[in-house]
>>> print(open('start_15.pdb').read())   # PDB, C-alpha atoms
MODEL        1
ATOM      1  CA  MET A 892      15.695 -34.514   7.006
ATOM      2  CA  VAL A 893      14.731 -36.168   3.735
ATOM      3  CA  ALA A 894      11.030 -35.685   4.547
ATOM      4  CA  CYS A 895      11.433 -31.911   4.884
ATOM      5  CA  ASP A 896      10.463 -29.986   1.785
ATOM      6  CA  HIS A 897      13.332 -27.542   1.509
ATOM      7  CA  GLY A 898      11.770 -26.101  -1.652
ATOM      8  CA  ASP A 899       9.064 -24.414   0.414
ATOM      9  CA  VAL A 900      11.260 -21.511   1.510
ATOM     10  CA  PRO A 901      12.094 -20.230  -1.995
ATOM     11  CA  ALA A 902       8.490 -20.797  -3.094
ATOM     12  CA  LEU A 903       7.152 -18.935  -0.067
ATOM     13  CA  ARG A 904       9.620 -16.101  -0.637
ATOM     14  CA  GLU A 905       8.509 -15.880  -4.271
ATOM     15  CA  ARG A 906       4.876 -15.786  -3.126
ATOM     16  CA  ALA A 907       5.698 -12.932  -0.741
ATOM     17  CA  GLN A 908       7.542 -11.063  -3.489
ATOM     18  CA  GLN A 909       4.587 -11.487  -5.849
ATOM     19  CA  ALA A 910       2.212 -10.262  -3.142
ATOM     20  CA  TRP A 911       4.460  -7.245  -2.562
ATOM     21  CA  SER A 912       4.483  -6.504  -6.304
ATOM     22  CA  GLU A 913       0.678  -6.541  -6.298
ATOM     23  CA  VAL A 914       0.561  -4.146  -3.340
ATOM     24  CA  GLN A 915       3.037  -1.817  -5.051
ATOM     25  CA  SER A 916       1.037  -1.933  -8.280
ATOM     26  CA  LEU A 917      -2.173  -1.063  -6.464
ATOM     27  CA  TYR A 918      -0.476   1.732  -4.532
ATOM     28  CA  ARG A 919       0.746   3.136  -7.859
ATOM     29  CA  GLN A 920      -2.760   2.921  -9.324
ATOM     30  CA  ARG A 921      -4.104   4.621  -6.201
ATOM     31  CA  ALA A 922      -1.602   7.452  -6.544
ATOM     32  CA  ASP A 923      -2.419   7.749 -10.252
ATOM     33  CA  LYS A 924      -6.137   8.186  -9.489
ATOM     34  CA  VAL A 925      -5.630  10.913  -6.890
ATOM     35  CA  PRO A 926      -5.259  13.775  -9.408
ATOM     36  CA  GLN A 927      -8.587  12.830 -11.005
ATOM     37  CA  LEU A 928     -10.331  12.952  -7.630
ATOM     38  CA  VAL A 929      -8.651  16.218  -6.731
ATOM     39  CA  GLU A 930      -9.644  17.792 -10.050
ATOM     40  CA  ALA A 931     -13.260  16.683  -9.628
ATOM     41  CA  VAL A 932     -13.362  18.301  -6.180
ATOM     42  CA  ARG A 933     -11.486  21.396  -7.412
ATOM     43  CA  ARG A 934     -14.185  22.067 -10.023
ATOM     44  CA  GLN A 935     -16.970  22.088  -7.410
ATOM     45  CA  ALA A 936     -15.061  23.306  -4.348
ATOM     46  CA  PRO A 937     -12.255  25.671  -5.389
ATOM     47  CA  ALA A 938     -12.181  27.175  -1.884
ATOM     48  CA  GLU A 939     -10.648  23.925  -0.612
ATOM     49  CA  ARG A 940      -7.314  24.810  -2.226
ATOM     50  CA  GLU A 941      -5.312  24.043   0.938
ATOM     51  CA  VAL A 942      -6.817  20.561   1.295
ATOM     52  CA  LEU A 943      -6.319  19.844  -2.397
ATOM     53  CA  ASN A 944      -2.691  20.975  -2.212
ATOM     54  CA  GLU A 945      -2.123  18.788   0.864
ATOM     55  CA  VAL A 946      -3.486  15.741  -0.965
ATOM     56  CA  MET A 947      -1.343  16.399  -4.028
ATOM     57  CA  ALA A 948       1.784  16.947  -1.902
ATOM     58  CA  ALA A 949       1.205  13.619  -0.130
ATOM     59  CA  ARG A 950       0.604  11.939  -3.483
ATOM     60  CA  ASP A 951       3.792  13.423  -4.961
ATOM     61  CA  GLU A 952       5.804  12.121  -1.997
ATOM     62  CA  VAL A 953       4.396   8.619  -2.530
ATOM     63  CA  ILE A 954       5.169   8.751  -6.263
ATOM     64  CA  ALA A 955       8.763   9.828  -5.583
ATOM     65  CA  ILE A 956       9.284   6.845  -3.305
ATOM     66  CA  LEU A 957       7.558   4.410  -5.674
ATOM     67  CA  ASN A 958       9.935   5.548  -8.403
ATOM     68  CA  ALA A 959      13.004   4.879  -6.204
ATOM     69  CA  ASP A 960      14.776   1.549  -6.568
ATOM     70  CA  GLY A 961      15.601  -0.806  -3.742
ATOM     71  CA  PHE A 962      13.770   0.989  -0.962
ATOM     72  CA  ILE A 963      12.231  -2.289   0.230
ATOM     73  CA  ALA A 964      15.660  -3.630   1.219
ATOM     74  CA  GLU A 965      16.462  -0.632   3.384
ATOM     75  CA  PRO A 966      14.402  -0.489   6.600
ATOM     76  CA  GLU A 967      14.669   3.287   7.017
ATOM     77  CA  ARG A 968      13.565   3.998   3.451
ATOM     78  CA  PHE A 969      10.786   1.413   3.784
ATOM     79  CA  ARG A 970       9.585   3.115   6.990
ATOM     80  CA  HIS A 971       9.556   6.435   5.131
ATOM     81  CA  TYR A 972       7.468   4.795   2.380
ATOM     82  CA  GLU A 973       5.011   3.458   4.926
ATOM     83  CA  GLU A 974       4.708   6.887   6.564
ATOM     84  CA  ALA A 975       4.127   8.514   3.166
ATOM     85  CA  GLN A 976       1.304   6.067   2.453
ATOM     86  CA  HIS A 977      -0.255   6.907   5.837
ATOM     87  CA  ARG A 978       0.027  10.640   5.096
ATOM     88  CA  LEU A 979      -1.716  10.108   1.764
ATOM     89  CA  THR A 980      -4.481   8.126   3.458
ATOM     90  CA  ALA A 981      -4.925  10.909   6.037
ATOM     91  CA  ALA A 982      -4.954  13.576   3.315
ATOM     92  CA  LEU A 983      -7.591  11.603   1.408
ATOM     93  CA  ALA A 984      -9.706  11.426   4.563
ATOM     94  CA  THR A 985      -9.429  15.224   4.838
ATOM     95  CA  LEU A 986     -10.474  15.487   1.183
ATOM     96  CA  ASP A 987     -13.482  13.298   1.950
ATOM     97  CA  ASP A 988     -14.453  15.588   4.835
ATOM     98  CA  ALA A 989     -14.142  18.617   2.566
ATOM     99  CA  ALA A 990     -16.176  16.977  -0.209
ATOM    100  CA  GLU A 991     -19.008  16.239   2.227
ATOM    101  CA  ARG A 992     -19.433  19.985   2.777
ATOM    102  CA  TYR A 993     -20.374  20.430  -0.906
ATOM    103  CA  PRO A 994     -23.698  18.781  -1.779
ATOM    104  CA  GLU A 995     -23.210  19.672  -5.444
ATOM    105  CA  LEU A 996     -20.410  17.077  -5.530
ATOM    106  CA  THR A 997     -22.846  14.260  -4.804
ATOM    107  CA  GLY A 998     -24.748  15.172  -7.959
ATOM    108  CA  ASP A 999     -21.623  15.380 -10.112
ATOM    109  CA  THR A1000     -21.565  12.188 -12.200
ATOM    110  CA  HIS A1001     -17.883  12.635 -13.062
ATOM    111  CA  PHE A1002     -17.005  12.815  -9.366
ATOM    112  CA  ALA A1003     -19.265   9.841  -8.568
ATOM    113  CA  THR A1004     -17.561   7.764 -11.271
ATOM    114  CA  GLN A1005     -14.077   8.729 -10.095
ATOM    115  CA  LEU A1006     -15.034   7.974  -6.511
ATOM    116  CA  ALA A1007     -16.513   4.552  -7.339
ATOM    117  CA  GLU A1008     -13.339   3.572  -9.213
ATOM    118  CA  PHE A1009     -11.201   4.793  -6.348
ATOM    119  CA  LEU A1010     -13.204   2.846  -3.752
ATOM    120  CA  ARG A1011     -12.952  -0.358  -5.815
ATOM    121  CA  LEU A1012      -9.194   0.150  -5.921
ATOM    122  CA  GLU A1013      -9.101   0.713  -2.143
ATOM    123  CA  ASP A1014     -10.982  -2.576  -1.657
ATOM    124  CA  ARG A1015      -8.494  -4.417  -3.862
ATOM    125  CA  LEU A1016      -5.664  -2.853  -1.874
ATOM    126  CA  VAL A1017      -7.086  -4.167   1.400
ATOM    127  CA  VAL A1018      -7.157  -7.700  -0.036
ATOM    128  CA  ALA A1019      -3.660  -7.404  -1.517
ATOM    129  CA  ARG A1020      -2.220  -6.157   1.772
ATOM    130  CA  SER A1021      -3.862  -9.051   3.592
ATOM    131  CA  ASP A1022      -2.381 -11.491   1.055
ATOM    132  CA  LEU A1023       1.042  -9.897   1.553
ATOM    133  CA  ILE A1024       0.871 -10.221   5.321
ATOM    134  CA  SER A1025      -0.170 -13.891   5.003
ATOM    135  CA  ALA A1026       2.628 -14.646   2.542
ATOM    136  CA  VAL A1027       5.282 -12.998   4.718
ATOM    137  CA  ARG A1028       3.982 -14.768   7.804
ATOM    138  CA  ALA A1029       4.072 -18.164   6.026
ATOM    139  CA  HIS A1030       7.610 -17.534   4.784
ATOM    140  CA  ASN A1031       8.896 -16.452   8.165
ATOM    141  CA  GLN A1032       7.187 -19.332   9.982
ATOM    142  CA  GLU A1033       8.744 -21.817   7.574
ATOM    143  CA  LEU A1034      12.192 -20.457   8.414
ATOM    144  CA  ARG A1035      11.551 -20.732  12.145
ATOM    145  CA  GLY A1036       9.910 -24.152  12.102
ATOM    146  CA  PHE A1037      11.508 -27.408  13.108
ATOM    147  CA  PRO A1038      12.968 -29.232  11.247
ATOM    148  CA  ASP A1039      12.185 -27.231   8.062
ATOM    149  CA  GLY A1040      14.019 -24.153   9.349
ATOM    150  CA  TRP A1041      17.168 -26.157   9.935
ATOM    151  CA  VAL A1042      16.992 -27.804   6.541
ATOM    152  CA  ALA A1043      16.414 -24.435   4.876
ATOM    153  CA  ALA A1044      19.397 -22.971   6.744
ATOM    154  CA  ILE A1045      21.621 -25.782   5.533
ATOM    155  CA  LEU A1046      20.412 -25.911   1.925
ATOM    156  CA  ASN A1047      19.772 -22.173   1.495
ATOM    157  CA  PRO A1048      22.019 -20.292   3.929
ATOM    158  CA  ASP A1049      20.982 -16.920   2.457
ATOM    159  CA  ALA A1050      17.339 -17.445   3.443
ATOM    160  CA  ARG A1051      16.331 -14.825   5.994
ATOM    161  CA  PRO A1052      13.048 -13.708   7.488
ATOM    162  CA  LEU A1053      11.427 -10.857   5.607
ATOM    163  CA  THR A1054      12.171  -8.380   8.378
ATOM    164  CA  ALA A1055      11.310  -5.193   6.480
ATOM    165  CA  PHE A1056       7.795  -6.517   6.049
ATOM    166  CA  ALA A1057       7.643  -7.884   9.571
ATOM    167  CA  ARG A1058       8.626  -4.526  11.077
ATOM    168  CA  ALA A1059       6.281  -2.543   8.881
ATOM    169  CA  GLN A1060       2.844  -1.946  10.259
ATOM    170  CA  LEU A1061       0.956  -3.015   7.162
ATOM    171  CA  GLU A1062      -2.410  -2.747   8.818
ATOM    172  CA  ARG A1063      -5.631  -2.209   6.936
ATOM    173  CA  PRO A1064      -5.863   1.312   5.557
ATOM    174  CA  SER A1065      -8.435   3.625   7.044
ATOM    175  CA  THR A1066     -11.939   2.789   5.897
ATOM    176  CA  HIS A1067     -12.642   6.511   6.028
ATOM    177  CA  SER A1068     -11.560   7.167   2.482
ATOM    178  CA  PRO A1069     -13.292   9.409   0.012
ATOM    179  CA  ARG A1070     -16.924   8.426  -0.164
TER     180      ARG A1070
ENDMDL
END
>>> encode(input="start_15.pdb", output="structure tokens")
Amino acid sequence: MVACDHGDVPALRERAQQAWSEVQSLYRQRADKVPQLVEAVRRQAPAEREVLNEVMAARDEVIAILNADGFIAEPERFRHYEEAQHRLTAALATLDDAAERYPELTGDTHFATQLAEFLRLEDRLVVARSDLISAVRAHNQELRGFPDGWVAAILNPDARPLTAFARAQLERPSTHSPR
């Protein structure tokens, strides 16, 4: 029991919490960039009003959840958050499809700049989500391992697996995002 490093569990939990903070920060940045993309498309493709409204509605739902406190601790609210992120991703894919129908958008330097920034952010989000999944997995495995799990249970009885993360399907977002 002396050889077990009981300090790993709090450190791994802290790592998972830091990874989650990074994911949340990137999701917020993503949501903040959506209006710029929508406006760039609106200037060149005003007929796509329905698609643009759908994207903004999905974005507004995500922002409302991001501004709520404690949703990560409540599985139902966390599931709603996850679904809102998926709806935003789907709406962005629809926006991408709409943008492809307007060749004048490809020549718009403002749109190209906005799109490049957005795609860099999407790439960072993929990495951050992967880091989060790894951190949660390491934390949960440490709690289940022998003898570390027993030692952690004795020395830190409040230590629990990160079930909200484990239940969430934090898979890689669709690679079919705006060009």
>>> residues_around(input="start_15.pdb", residues="Ala936 (chain A)", least_positions_apart="2", cutoff="10 Å", atoms="only C-alpha atoms", output="list in words")
Val929, Glu930, Ala931, Val932, Arg933, Arg934, Ala938, Glu939, Arg940, Leu943, Ala989, Ala990, Arg992, Tyr993, Glu995 and Leu996 of chain A
>>> atom_distance(input="start_15.pdb", atom1="CA of Gln935 (chain A)", atom2="CA of Leu979 (chain A)")
21.5 Å
>>> atom_distance(input="start_15.pdb", atom1="CA of Ala982 (chain A)", atom2="CA of Leu928 (chain A)")
12.2 Å
>>> closest_atom_pairs(input="start_15.pdb", of="region 975-1038 of chain A", to="region 946-968 of chain A", cutoff="10 Å", atoms="only C-alpha atoms", output="tab-separated table")
residue	atom	partner	partner_atom	distance
A:Ala975	CA	A:Val953	CA	5.7
A:Gln976	CA	A:Val953	CA	6.4
A:His977	CA	A:Ala949	CA	9.1
A:Arg978	CA	A:Ala949	CA	6.1
A:Leu979	CA	A:Ala949	CA	4.9
A:Thr980	CA	A:Ala949	CA	8.7
A:Ala981	CA	A:Val946	CA	8.6
A:Ala982	CA	A:Val946	CA	5.0
A:Leu983	CA	A:Val946	CA	6.3
A:Ala984	CA	A:Val946	CA	9.4
A:Thr985	CA	A:Val946	CA	8.3
A:Leu986	CA	A:Val946	CA	7.3
>>> resolve_selection(input="start_15.pdb", expression="the PyMOL selection byres ((chain A and resi 909-918) around 7)", output="ChimeraX atom specification")
/A:905-908,919-922,1016,1019-1020,1022-1023
>>> atom_distance(input="start_15.pdb", atom1="CA of His1001 (chain A)", atom2="CA of Val1017 (chain A)")
24.7 Å
>>> closest_residue(input="start_15.pdb", among="A:Pro937, A:Pro926, A:Pro994, A:Pro901", to="Phe1009 (chain A)", atoms="all atoms listed in the file")
A:Pro926
>>> decode(input="start_15.pdb", residues="region 931-944 of chain A", atoms="all heavy atoms", output="mmCIF file, in the first residue's frame")
data_model
loop_
_atom_site.group_PDB
_atom_site.id
_atom_site.type_symbol
_atom_site.label_atom_id
_atom_site.label_comp_id
_atom_site.auth_asym_id
_atom_site.auth_seq_id
_atom_site.Cartn_x
_atom_site.Cartn_y
_atom_site.Cartn_z
ATOM 1 N N ALA A 931 -20.723 36.799 -43.308
ATOM 2 C CA ALA A 931 -20.003 36.727 -44.578
ATOM 3 C C ALA A 931 -20.839 36.011 -45.640
ATOM 4 O O ALA A 931 -20.869 36.431 -46.806
ATOM 5 C CB ALA A 931 -18.662 36.020 -44.387
ATOM 6 N N VAL A 932 -21.532 34.959 -45.250
ATOM 7 C CA VAL A 932 -22.397 34.240 -46.191
ATOM 8 C C VAL A 932 -23.625 35.091 -46.512
ATOM 9 O O VAL A 932 -24.042 35.173 -47.672
ATOM 10 C CB VAL A 932 -22.816 32.860 -45.634
ATOM 11 C CG1 VAL A 932 -23.859 32.198 -46.532
ATOM 12 C CG2 VAL A 932 -21.593 31.956 -45.487
ATOM 13 N N ARG A 933 -24.176 35.763 -45.518
ATOM 14 C CA ARG A 933 -25.384 36.580 -45.719
ATOM 15 C C ARG A 933 -25.149 37.665 -46.777
ATOM 16 O O ARG A 933 -26.026 37.952 -47.589
ATOM 17 C CB ARG A 933 -25.818 37.217 -44.406
ATOM 18 C CG ARG A 933 -27.141 37.965 -44.497
ATOM 19 C CD ARG A 933 -27.541 38.666 -43.190
ATOM 20 N NE ARG A 933 -27.295 37.920 -41.986
ATOM 21 C CZ ARG A 933 -28.158 37.058 -41.412
ATOM 22 N NH1 ARG A 933 -29.317 36.829 -41.968
ATOM 23 N NH2 ARG A 933 -27.839 36.442 -40.298
ATOM 24 N N ARG A 934 -23.950 38.255 -46.775
ATOM 25 C CA ARG A 934 -23.649 39.301 -47.753
ATOM 26 C C ARG A 934 -23.693 38.776 -49.188
ATOM 27 O O ARG A 934 -24.136 39.470 -50.091
ATOM 28 C CB ARG A 934 -22.276 39.911 -47.477
ATOM 29 C CG ARG A 934 -22.266 40.909 -46.349
ATOM 30 C CD ARG A 934 -20.998 41.755 -46.348
ATOM 31 N NE ARG A 934 -19.770 40.959 -46.445
ATOM 32 C CZ ARG A 934 -19.092 40.488 -45.409
ATOM 33 N NH1 ARG A 934 -19.525 40.737 -44.200
ATOM 34 N NH2 ARG A 934 -17.998 39.789 -45.580
ATOM 35 N N GLN A 935 -23.215 37.544 -49.402
ATOM 36 C CA GLN A 935 -23.127 36.991 -50.748
ATOM 37 C C GLN A 935 -24.312 36.101 -51.109
ATOM 38 O O GLN A 935 -24.538 35.838 -52.285
ATOM 39 C CB GLN A 935 -21.831 36.180 -50.907
ATOM 40 C CG GLN A 935 -20.565 36.986 -50.737
ATOM 41 C CD GLN A 935 -20.356 37.978 -51.868
ATOM 42 O OE1 GLN A 935 -20.814 37.783 -52.985
ATOM 43 N NE2 GLN A 935 -19.670 39.067 -51.560
ATOM 44 N N ALA A 936 -25.014 35.599 -50.105
ATOM 45 C CA ALA A 936 -26.102 34.645 -50.362
ATOM 46 C C ALA A 936 -27.311 34.955 -49.477
ATOM 47 O O ALA A 936 -27.713 34.133 -48.647
ATOM 48 C CB ALA A 936 -25.604 33.225 -50.110
ATOM 49 N N PRO A 937 -27.925 36.128 -49.670
ATOM 50 C CA PRO A 937 -29.053 36.491 -48.800
ATOM 51 C C PRO A 937 -30.260 35.562 -48.940
ATOM 52 O O PRO A 937 -31.091 35.497 -48.029
ATOM 53 C CB PRO A 937 -29.394 37.922 -49.242
ATOM 54 C CG PRO A 937 -28.790 38.069 -50.590
ATOM 55 C CD PRO A 937 -27.622 37.137 -50.660
ATOM 56 N N ALA A 938 -30.334 34.818 -50.032
ATOM 57 C CA ALA A 938 -31.465 33.901 -50.223
ATOM 58 C C ALA A 938 -31.411 32.714 -49.262
ATOM 59 O O ALA A 938 -32.397 32.002 -49.100
ATOM 60 C CB ALA A 938 -31.498 33.403 -51.666
ATOM 61 N N GLU A 939 -30.287 32.512 -48.622
ATOM 62 C CA GLU A 939 -30.113 31.379 -47.703
ATOM 63 C C GLU A 939 -30.542 31.755 -46.284
ATOM 64 O O GLU A 939 -30.009 31.229 -45.311
ATOM 65 C CB GLU A 939 -28.661 30.901 -47.727
ATOM 66 C CG GLU A 939 -28.191 30.403 -49.073
ATOM 67 C CD GLU A 939 -28.931 29.158 -49.554
ATOM 68 O OE1 GLU A 939 -29.467 28.403 -48.702
ATOM 69 O OE2 GLU A 939 -28.965 28.947 -50.766
ATOM 70 N N ARG A 940 -31.512 32.624 -46.172
ATOM 71 C CA ARG A 940 -31.970 33.134 -44.879
ATOM 72 C C ARG A 940 -32.329 32.005 -43.910
ATOM 73 O O ARG A 940 -31.983 32.042 -42.733
ATOM 74 C CB ARG A 940 -33.173 34.058 -45.082
ATOM 75 C CG ARG A 940 -33.658 34.704 -43.798
ATOM 76 C CD ARG A 940 -34.766 35.704 -44.030
ATOM 77 N NE ARG A 940 -34.366 36.682 -45.038
ATOM 78 C CZ ARG A 940 -35.067 36.933 -46.158
ATOM 79 N NH1 ARG A 940 -36.185 36.303 -46.398
ATOM 80 N NH2 ARG A 940 -34.653 37.829 -47.016
ATOM 81 N N GLU A 941 -33.026 30.988 -44.399
ATOM 82 C CA GLU A 941 -33.459 29.884 -43.526
ATOM 83 C C GLU A 941 -32.258 29.137 -42.935
ATOM 84 O O GLU A 941 -32.222 28.838 -41.742
ATOM 85 C CB GLU A 941 -34.344 28.916 -44.307
ATOM 86 C CG GLU A 941 -34.946 27.828 -43.448
ATOM 87 C CD GLU A 941 -35.893 26.939 -44.243
ATOM 88 O OE1 GLU A 941 -36.630 27.451 -45.109
ATOM 89 O OE2 GLU A 941 -35.870 25.723 -43.966
ATOM 90 N N VAL A 942 -31.272 28.869 -43.774
ATOM 91 C CA VAL A 942 -30.060 28.177 -43.303
ATOM 92 C C VAL A 942 -29.328 29.048 -42.291
ATOM 93 O O VAL A 942 -28.886 28.561 -41.236
ATOM 94 C CB VAL A 942 -29.133 27.825 -44.499
ATOM 95 C CG1 VAL A 942 -27.788 27.324 -44.012
ATOM 96 C CG2 VAL A 942 -29.799 26.815 -45.408
ATOM 97 N N LEU A 943 -29.200 30.326 -42.601
ATOM 98 C CA LEU A 943 -28.498 31.244 -41.707
ATOM 99 C C LEU A 943 -29.218 31.352 -40.363
ATOM 100 O O LEU A 943 -28.571 31.359 -39.307
ATOM 101 C CB LEU A 943 -28.364 32.610 -42.373
ATOM 102 C CG LEU A 943 -27.556 32.622 -43.680
ATOM 103 C CD1 LEU A 943 -27.657 33.977 -44.354
ATOM 104 C CD2 LEU A 943 -26.122 32.225 -43.441
ATOM 105 N N ASN A 944 -30.531 31.400 -40.399
ATOM 106 C CA ASN A 944 -31.309 31.448 -39.152
ATOM 107 C C ASN A 944 -31.150 30.167 -38.345
ATOM 108 O O ASN A 944 -31.084 30.200 -37.109
ATOM 109 C CB ASN A 944 -32.779 31.721 -39.449
ATOM 110 C CG ASN A 944 -33.015 33.138 -39.925
ATOM 111 O OD1 ASN A 944 -32.182 34.029 -39.714
ATOM 112 N ND2 ASN A 944 -34.140 33.364 -40.586
#
